[in-house]
Structures are given as structure tokens and as C-alpha cells.
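Q: Take this structure, written in C-alpha cells, and hold onto it; I'll ask about it next.
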Amino acid sequence: MLTPNFDKIYDTYAGNETNGETVVKSYDDQDIPYVMRRKYRAILKVHGTIDQHSKMIFTRSDYAAQRASHQGFFELVGALFLTHTFLFVGTSLSDPDLRLFLESQNYVHPNSPPHYMVCPRDEVHKHVEASVRRNMNLKLIRYDSRDGHVLLPDLVSDLVDRVSAKRRLLALAENW
């Protein structure tokens with residue numbers, strides 16, 4: 001999992017849910033390639049961690065500097081985007097660094113399968129959706145955000161069920 005969050009809320013939750021088997025890494029950790037080549041459940045903190053507040057990424061200039069000085073990490077993220085399907089939850093297309101990254105990936109690798117983003121119906125205008133698909137290779141999964149996004153957990157749960165069912169079918173057919 002990739003996350004821009006530098007707090008420890010999700011890290012703690014994931015660690016508890018996996019009985020401590022989740023590895024948490026920040027963009028500047030040197031052993032990330034080792035972790036990624038193993039069967040670890042991993043959280044990669046793209047903007048750093050609260051444990052090293054001087055290395056947290058807050059601004060566009062911070063991000064540009066880290067992208068240059070930690071090029072290997074960002075190449076690894078690019079490789080993950082080629083070999084995995086990502087579902088973005090809790091982020092938006094207003095993040096300029098995310099947009100830049102997705103656009104670059106799309107144009108460098110134009111025949112890649114799409115990634116997905118869960119977003120409220122009113123967040124991205126319908127006429128912009130085709131542009132998002134074409135320029136960022138991103139399909140939007142829209143939901144009704146009324147009542148404080150109360151429907152979002154059910155949507156994500158349904159997606160988990162669908163992916164699990166598809167994985168079972170692939171395993172039975174040995175079609176991976």
C-alpha cells in the first residue's frame with residue numbers, strides 16, 4: 001500500500017489486523033527493494049513519517065527535492081504502478097503531484113491497464129471524467145457522499161468481495 005499520510009493511524013490499524021506482519025517503510029528507507037521482493041505486507045509512506053518530522057514532505061518544492069534525491073524510491077513506485085492495479089481511496093485529483101505522476105505513467109506506458117479512484121459523484125465533473133481516463137489512465141468509481149460519506153465503507157466492502165471472488169475464479173482456473 002502507498003500512502004501520503006505521515007501519521008501512524010493506519011499503520012497501527014494494519015499492524016493490529018495482521019498480527020504485526022505489516023512492514024512500514026518511508027521513502028528514504030534503504031531496504032525498500034528487499035521488502036518489496038519478499039511476500040511482506042507493506043505500507044510505503046510517500047511523504048515520510050511523523051517519526052522523522054524533518055523529512056516529511058509538505059510542499060511541492062519538498063516533493064520535487066525528494067523526487068530528485070530519492071529517485072530509486074520513485075522508480076520503484078513507478079514499477080509498482082506497472083505491475084499492480086491501484087485503488088485510490090481518500091485522495092483526490094486536486095493533488096498536483098499525483099496528477100503529474102499518473103499523467104507521466106500513462107504517457108510513458110500507454111497500454112497499461114487502468115487504475116481506479118473512489119470519488120464522490122460531485123467531486124469531478126462528468127465531462128472531465130473522459131479526460132481523466134485518457135490522460136491519467138484512471139477510472140473513477142463514483143459514490144454518493146451525502147451524510148458524511150456513509151455509503152463509502154459499503155462500496156469498499158463490495159469491491160473487496162468482488163476482487164476476492166475474481167481471485168478465487170482465477171485460482172480455480174489456474175489462470176494467473
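Convention: chains lettered A, B, ... in C-alpha cells order; per-chain residue numbering from 1; ligands numbered from 1 as shown.
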Set the distance at 10 Å and use only C-alpha atoms: which residues neighbour segment 124-132 of chain A once local chain neighbours fewer than 6 positions away are removed? I'd like the list as a list in words.

A: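 Residues near the query, excluding close chain neighbours: Ser92, Leu93, Ser94, Arg99, Leu102, Glu103, Leu138, Lys139, Leu140 and Arg142 of chain A.
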
Q: Taking only chain A into account, list the residues labelled strand (DSSP E or B) by DSSP (computed from the backbone), as a list of chain:residue names.

A: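 Answer for chain A restricted to strand (DSSP E or B) is A:Leu2, A:Thr3, A:Thr22, A:Val23, A:Val24, A:Lys25, A:Ser26, A:Arg41, A:Ala42, A:Ile43, A:Leu44, A:Lys45, A:Leu87, A:Phe88, A:His115, A:Tyr116, A:Met117, A:Val118, A:Cys119, A:Pro120, A:Leu138, A:Lys139, A:Leu140, A:Ile141, A:Arg142, A:Tyr143.
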
Q: Smallest atom-to-atom distance to Val24 of chain A: which of A:His115, A:Lys45, A:Arg133, A:Arg146, using only C-alpha atoms?

A: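 Residue with the minimum atom-to-atom distance to Val24 of chain A: A:Lys45.
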
Q: Among segment 1-162 of chain A, which ones does DSSP assign to alpha helix (DSSP H) (computed from the backbone)? Answer as an NGL selection string.

A: :A and (9-17 or 32-37 or 60-69 or 71-83 or 96-108 or 126-136 or 146-149 or 152-162)

Q: Save the residues we just selected, C-alpha atoms, as a short mmCIF file (atom, residue, chain, number, x, y, z; two decimals), in the first residue's frame?

A:
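Wrote selection_10.cif, looks like this:
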```cif
data_model
loop_
_atom_site.label_atom_id
_atom_site.label_comp_id
_atom_site.auth_asym_id
_atom_site.auth_seq_id
_atom_site.Cartn_x
_atom_site.Cartn_y
_atom_site.Cartn_z
CA ILE A 9 -3.20 5.78 12.46
CA TYR A 10 -3.39 3.36 9.53
CA ASP A 11 -0.01 1.81 10.36
CA THR A 12 -1.30 0.86 13.81
CA TYR A 13 -4.59 -0.45 12.44
CA ALA A 14 -2.85 -2.56 9.76
CA GLY A 15 -0.35 -3.92 12.26
CA ASN A 16 -3.15 -4.97 14.60
CA GLU A 17 -5.19 -6.56 11.80
CA ILE A 32 12.59 -1.00 0.44
CA PRO A 33 13.66 -3.09 -2.59
CA TYR A 34 14.33 -6.04 -0.25
CA VAL A 35 10.92 -5.64 1.38
CA MET A 36 9.15 -5.40 -1.99
CA ARG A 37 10.76 -8.59 -3.34
CA ARG A 60 5.60 20.96 -3.93
CA SER A 61 9.22 22.02 -3.58
CA ASP A 62 9.71 19.39 -0.82
CA TYR A 63 8.24 16.78 -3.14
CA ALA A 64 10.39 17.85 -6.11
CA ALA A 65 13.54 17.78 -3.97
CA GLN A 66 12.75 14.33 -2.59
CA ARG A 67 11.84 13.02 -6.04
CA ALA A 68 15.33 14.05 -7.21
CA SER A 69 17.29 12.87 -4.17
CA GLN A 71 14.94 8.73 -7.42
CA GLY A 72 15.23 5.00 -6.70
CA PHE A 73 12.14 5.08 -4.50
CA PHE A 74 10.09 6.84 -7.13
CA GLU A 75 11.32 4.40 -9.79
CA LEU A 76 10.13 1.59 -7.53
CA VAL A 77 6.73 3.26 -7.19
CA GLY A 78 6.61 3.51 -10.98
CA ALA A 79 7.37 -0.21 -11.24
CA LEU A 80 4.56 -0.98 -8.80
CA PHE A 81 2.18 1.03 -10.97
CA LEU A 82 3.13 -1.17 -13.92
CA THR A 83 2.76 -4.47 -12.07
CA PRO A 96 -0.77 18.13 -8.35
CA ASP A 97 1.99 15.59 -7.65
CA LEU A 98 -0.42 12.67 -8.03
CA ARG A 99 -1.74 14.13 -11.28
CA LEU A 100 1.78 14.63 -12.62
CA PHE A 101 2.79 11.09 -11.68
CA LEU A 102 -0.31 9.48 -13.21
CA GLU A 103 -0.02 11.52 -16.40
CA SER A 104 3.65 10.62 -16.77
CA GLN A 105 2.98 6.92 -16.18
CA ASN A 106 0.15 6.98 -18.69
CA TYR A 107 2.16 8.57 -21.47
CA VAL A 108 5.33 6.55 -20.86
CA LYS A 126 -18.81 14.28 -15.54
CA HIS A 127 -17.33 15.97 -18.63
CA VAL A 128 -13.85 15.82 -17.04
CA GLU A 129 -14.08 12.07 -16.43
CA ALA A 130 -13.15 11.15 -20.03
CA SER A 131 -10.09 13.40 -19.81
CA VAL A 132 -9.04 11.78 -16.53
CA ARG A 133 -9.36 8.34 -18.14
CA ARG A 134 -7.47 9.39 -21.27
CA ASN A 135 -4.67 11.40 -19.63
CA MET A 136 -4.14 9.57 -16.34
CA ARG A 146 -24.16 12.58 1.45
CA ASP A 147 -24.41 12.10 5.20
CA GLY A 148 -20.65 12.23 5.74
CA HIS A 149 -19.74 9.57 3.15
CA LEU A 152 -18.24 4.64 1.24
CA PRO A 153 -17.50 1.70 3.61
CA ASP A 154 -20.17 -0.39 1.88
CA LEU A 155 -18.73 0.48 -1.53
CA VAL A 156 -15.22 -0.54 -0.48
CA SER A 157 -16.55 -3.72 1.14
CA ASP A 158 -18.37 -4.60 -2.09
CA LEU A 159 -15.15 -4.03 -4.06
CA VAL A 160 -13.24 -6.32 -1.67
CA ASP A 161 -15.88 -9.03 -2.15
CA ARG A 162 -15.72 -8.71 -5.95
#
```

Q: Figure out the distance between atom CA of Ala42 of chain A and atom CA of Leu2 of chain A, please, to one decimal in Å.

A: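 Atom-to-atom, atom CA of Leu2 of chain A to atom CA of Ala42 of chain A, that is 8.4 Å.
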